[in-house]
Amino acid sequence: MGKYTDYKRQPSLSEREASTKLHPIWQGVGFGLMILTPLLGYFGALALLEENSRRNWVAIPADLLAPGKDPLLYAKIILTVALMLVIFTIFQLFTYVLYRLFGPSRYGPLDVPPVAYPKRRKKQR
């Protein structure tokens with residue numbers, strides 16, 4: 001219960017929505033990353049498969065060759081998903097660093113930082 005609020009009063013639906021609503025720019029950024037990540041993964045997979053065919057880094061097993069027009073279809077799918085995960089991880093690490101640098105402080109104005117206790121000495125027998 002806050003100092004200036006009534007404990008019986010429930011916040012209205014519009015007040016709750018306003019406090020949990022994201023800024024529209026972050027919705028746009030999320031949508032852009034949702035489109036950009038698979039595209040980067042797919043084109044990265046194509047580039048890696050092209051370089052693999054030139055330099056013979058890894059032999060692609062016969063089980064990954066698909067019948068039909070594109071024999072490397074399964075390899076492209078697997079490599080695209082793997083690169084998507086790597087790209088997503090890089091974006092997340094970048095977000096964590098930016099949030100740590102420019103985000104709100106760890107403690108609010110009324111919080112007290114934790115007490116640093118001295119290390120205990122172990123008793124010698």
# chains A, B, ... in the order shown; residues from 1 in each chain; ligands from 1
>>> residues_around(residues="region 29-31 of chain A", least_positions_apart="5", cutoff="12 Å", atoms="only C-alpha atoms", output="VMD selection string")
chain A and resid 22 to 24 36 to 38 88 91 to 92 95
>>> write_last_selection(atoms="all heavy atoms", output="compact mmCIF listing (two decimals), in the first residue's frame")
# COMPACT_ATOMS: atom_id res chain seq x y z
N LEU A 22 4.06 -0.74 -24.18
CA LEU A 22 5.38 -0.41 -24.70
C LEU A 22 5.30 0.83 -25.57
O LEU A 22 4.26 1.14 -26.16
CB LEU A 22 5.90 -1.55 -25.57
CG LEU A 22 6.41 -2.79 -24.88
CD1 LEU A 22 6.75 -3.84 -25.90
CD2 LEU A 22 7.62 -2.48 -24.05
N HIS A 23 6.42 1.52 -25.66
CA HIS A 23 6.50 2.63 -26.59
C HIS A 23 6.45 2.07 -28.02
O HIS A 23 7.03 1.02 -28.30
CB HIS A 23 7.81 3.40 -26.36
CG HIS A 23 7.84 4.72 -27.04
ND1 HIS A 23 8.19 4.85 -28.36
CD2 HIS A 23 7.56 5.96 -26.58
CE1 HIS A 23 8.12 6.13 -28.70
NE2 HIS A 23 7.75 6.81 -27.63
N PRO A 24 5.75 2.73 -28.94
CA PRO A 24 5.59 2.18 -30.30
C PRO A 24 6.90 1.95 -31.03
O PRO A 24 6.99 1.06 -31.87
CB PRO A 24 4.74 3.23 -31.01
CG PRO A 24 4.07 3.98 -29.94
CD PRO A 24 4.94 3.92 -28.73
N LEU A 36 14.51 -9.24 -39.92
CA LEU A 36 15.92 -9.19 -40.29
C LEU A 36 16.68 -10.47 -39.90
O LEU A 36 17.53 -10.93 -40.67
CB LEU A 36 16.58 -7.99 -39.61
CG LEU A 36 18.02 -7.69 -39.97
CD1 LEU A 36 18.12 -7.28 -41.43
CD2 LEU A 36 18.57 -6.61 -39.07
N THR A 37 16.37 -11.06 -38.77
CA THR A 37 17.10 -12.24 -38.30
C THR A 37 16.99 -13.43 -39.25
O THR A 37 18.02 -14.01 -39.62
CB THR A 37 16.65 -12.62 -36.88
OG1 THR A 37 16.83 -11.49 -36.02
CG2 THR A 37 17.43 -13.79 -36.34
N PRO A 38 15.79 -13.83 -39.70
CA PRO A 38 15.75 -14.95 -40.65
C PRO A 38 16.39 -14.61 -41.99
O PRO A 38 17.00 -15.48 -42.62
CB PRO A 38 14.26 -15.23 -40.82
CG PRO A 38 13.60 -14.61 -39.68
CD PRO A 38 14.45 -13.47 -39.25
N PHE A 88 20.51 -14.17 -33.22
CA PHE A 88 19.64 -13.77 -32.12
C PHE A 88 20.45 -13.60 -30.83
O PHE A 88 20.25 -12.66 -30.08
CB PHE A 88 18.54 -14.81 -31.92
CG PHE A 88 17.66 -14.54 -30.74
CD1 PHE A 88 16.70 -13.55 -30.80
CD2 PHE A 88 17.78 -15.28 -29.57
CE1 PHE A 88 15.89 -13.29 -29.71
CE2 PHE A 88 16.98 -15.03 -28.49
CZ PHE A 88 16.03 -14.03 -28.56
N PHE A 91 22.35 -10.34 -31.03
CA PHE A 91 21.45 -9.21 -30.77
C PHE A 91 21.11 -9.11 -29.28
O PHE A 91 21.03 -8.01 -28.73
CB PHE A 91 20.16 -9.34 -31.58
CG PHE A 91 20.29 -8.96 -33.03
CD1 PHE A 91 19.49 -9.56 -33.98
CD2 PHE A 91 21.20 -8.01 -33.45
CE1 PHE A 91 19.59 -9.21 -35.31
CE2 PHE A 91 21.32 -7.66 -34.78
CZ PHE A 91 20.52 -8.26 -35.72
N GLN A 92 20.92 -10.23 -28.62
CA GLN A 92 20.61 -10.21 -27.20
C GLN A 92 21.78 -9.69 -26.38
O GLN A 92 21.60 -8.89 -25.46
CB GLN A 92 20.21 -11.60 -26.70
CG GLN A 92 18.84 -12.03 -27.15
CD GLN A 92 17.78 -11.11 -26.62
OE1 GLN A 92 17.74 -10.82 -25.43
NE2 GLN A 92 16.90 -10.66 -27.48
N THR A 95 21.91 -6.05 -26.78
CA THR A 95 20.84 -5.42 -26.00
C THR A 95 21.21 -5.36 -24.53
O THR A 95 20.99 -4.34 -23.86
CB THR A 95 19.53 -6.20 -26.17
OG1 THR A 95 19.19 -6.24 -27.56
CG2 THR A 95 18.40 -5.55 -25.41
>>> residues_around(residues="region 47-57 of chain A", least_positions_apart="5", cutoff="9 Å", atoms="only C-alpha atoms", output="number ranges by chain")
A: 42, 72, 75-76, 79
>>> residues_around(residues="Ile78 (chain A)", least_positions_apart="2", cutoff="12 Å", atoms="only C-alpha atoms", output="JSON list (two decimals) with N, CA and C atoms, in the first residue's frame")
[["chain", "number", "residue", "atom", "x", "y", "z"],
["A", 41, "GLY", "N", 20.06, -14.94, -41.55],
["A", 41, "GLY", "CA", 20.38, -16.36, -41.42],
["A", 41, "GLY", "C", 20.35, -17.07, -42.76],
["A", 42, "TYR", "N", 19.35, -16.76, -43.58],
["A", 42, "TYR", "CA", 19.23, -17.43, -44.88],
["A", 42, "TYR", "C", 20.36, -17.03, -45.82],
["A", 44, "GLY", "N", 23.21, -15.75, -45.00],
["A", 44, "GLY", "CA", 24.46, -16.27, -44.43],
["A", 44, "GLY", "C", 24.64, -17.74, -44.75],
["A", 45, "ALA", "N", 23.54, -18.50, -44.71],
["A", 45, "ALA", "CA", 23.61, -19.92, -45.05],
["A", 45, "ALA", "C", 23.99, -20.10, -46.52],
["A", 46, "LEU", "N", 23.40, -19.29, -47.39],
["A", 46, "LEU", "CA", 23.76, -19.37, -48.81],
["A", 46, "LEU", "C", 25.24, -19.04, -49.02],
["A", 49, "LEU", "N", 27.40, -21.97, -47.71],
["A", 49, "LEU", "CA", 27.35, -23.13, -48.60],
["A", 49, "LEU", "C", 28.12, -22.87, -49.89],
["A", 60, "ILE", "N", 29.38, -32.52, -47.12],
["A", 60, "ILE", "CA", 27.96, -32.61, -46.77],
["A", 60, "ILE", "C", 27.54, -34.07, -46.94],
["A", 64, "LEU", "N", 21.82, -35.52, -46.07],
["A", 64, "LEU", "CA", 21.30, -34.15, -46.12],
["A", 64, "LEU", "C", 20.95, -33.69, -47.54],
["A", 65, "LEU", "N", 21.21, -34.52, -48.52],
["A", 65, "LEU", "CA", 20.87, -34.17, -49.89],
["A", 65, "LEU", "C", 19.42, -34.56, -50.16],
["A", 72, "LEU", "N", 20.51, -29.24, -51.88],
["A", 72, "LEU", "CA", 21.02, -28.72, -50.62],
["A", 72, "LEU", "C", 19.93, -28.10, -49.75],
["A", 73, "LEU", "N", 18.68, -28.43, -50.00],
["A", 73, "LEU", "CA", 17.57, -27.82, -49.27],
["A", 73, "LEU", "C", 17.65, -28.08, -47.78],
["A", 74, "TYR", "N", 17.88, -29.32, -47.38],
["A", 74, "TYR", "CA", 17.94, -29.65, -45.94],
["A", 74, "TYR", "C", 19.13, -28.97, -45.28],
["A", 75, "ALA", "N", 20.25, -28.91, -45.96],
["A", 75, "ALA", "CA", 21.43, -28.25, -45.41],
["A", 75, "ALA", "C", 21.16, -26.75, -45.25],
["A", 76, "LYS", "N", 20.45, -26.15, -46.19],
["A", 76, "LYS", "CA", 20.11, -24.72, -46.09],
["A", 76, "LYS", "C", 19.19, -24.47, -44.91],
["A", 80, "THR", "N", 20.38, -22.32, -41.82],
["A", 80, "THR", "CA", 19.62, -21.08, -41.58],
["A", 80, "THR", "C", 19.15, -21.00, -40.14],
["A", 81, "VAL", "N", 18.61, -22.09, -39.61],
["A", 81, "VAL", "CA", 18.14, -22.10, -38.22],
["A", 81, "VAL", "C", 19.31, -21.90, -37.26],
["A", 82, "ALA", "N", 20.42, -22.54, -37.53],
["A", 82, "ALA", "CA", 21.59, -22.39, -36.65],
["A", 82, "ALA", "C", 22.11, -20.95, -36.68],
["A", 83, "LEU", "N", 22.18, -20.36, -37.86],
["A", 83, "LEU", "CA", 22.63, -18.97, -37.95],
["A", 83, "LEU", "C", 21.63, -18.01, -37.34],
["A", 84, "MET", "N", 20.35, -18.31, -37.44],
["A", 84, "MET", "CA", 19.34, -17.47, -36.79],
["A", 84, "MET", "C", 19.55, -17.45, -35.28],
["A", 85, "LEU", "N", 19.85, -18.60, -34.70],
["A", 85, "LEU", "CA", 20.11, -18.65, -33.25],
["A", 85, "LEU", "C", 21.36, -17.87, -32.87]]
>>> select_by_dssp(residues="chain A", states="helix (DSSP H, G or I)", output="ChimeraX atom specification")
/A:13-20,24-55,62-64,73-102
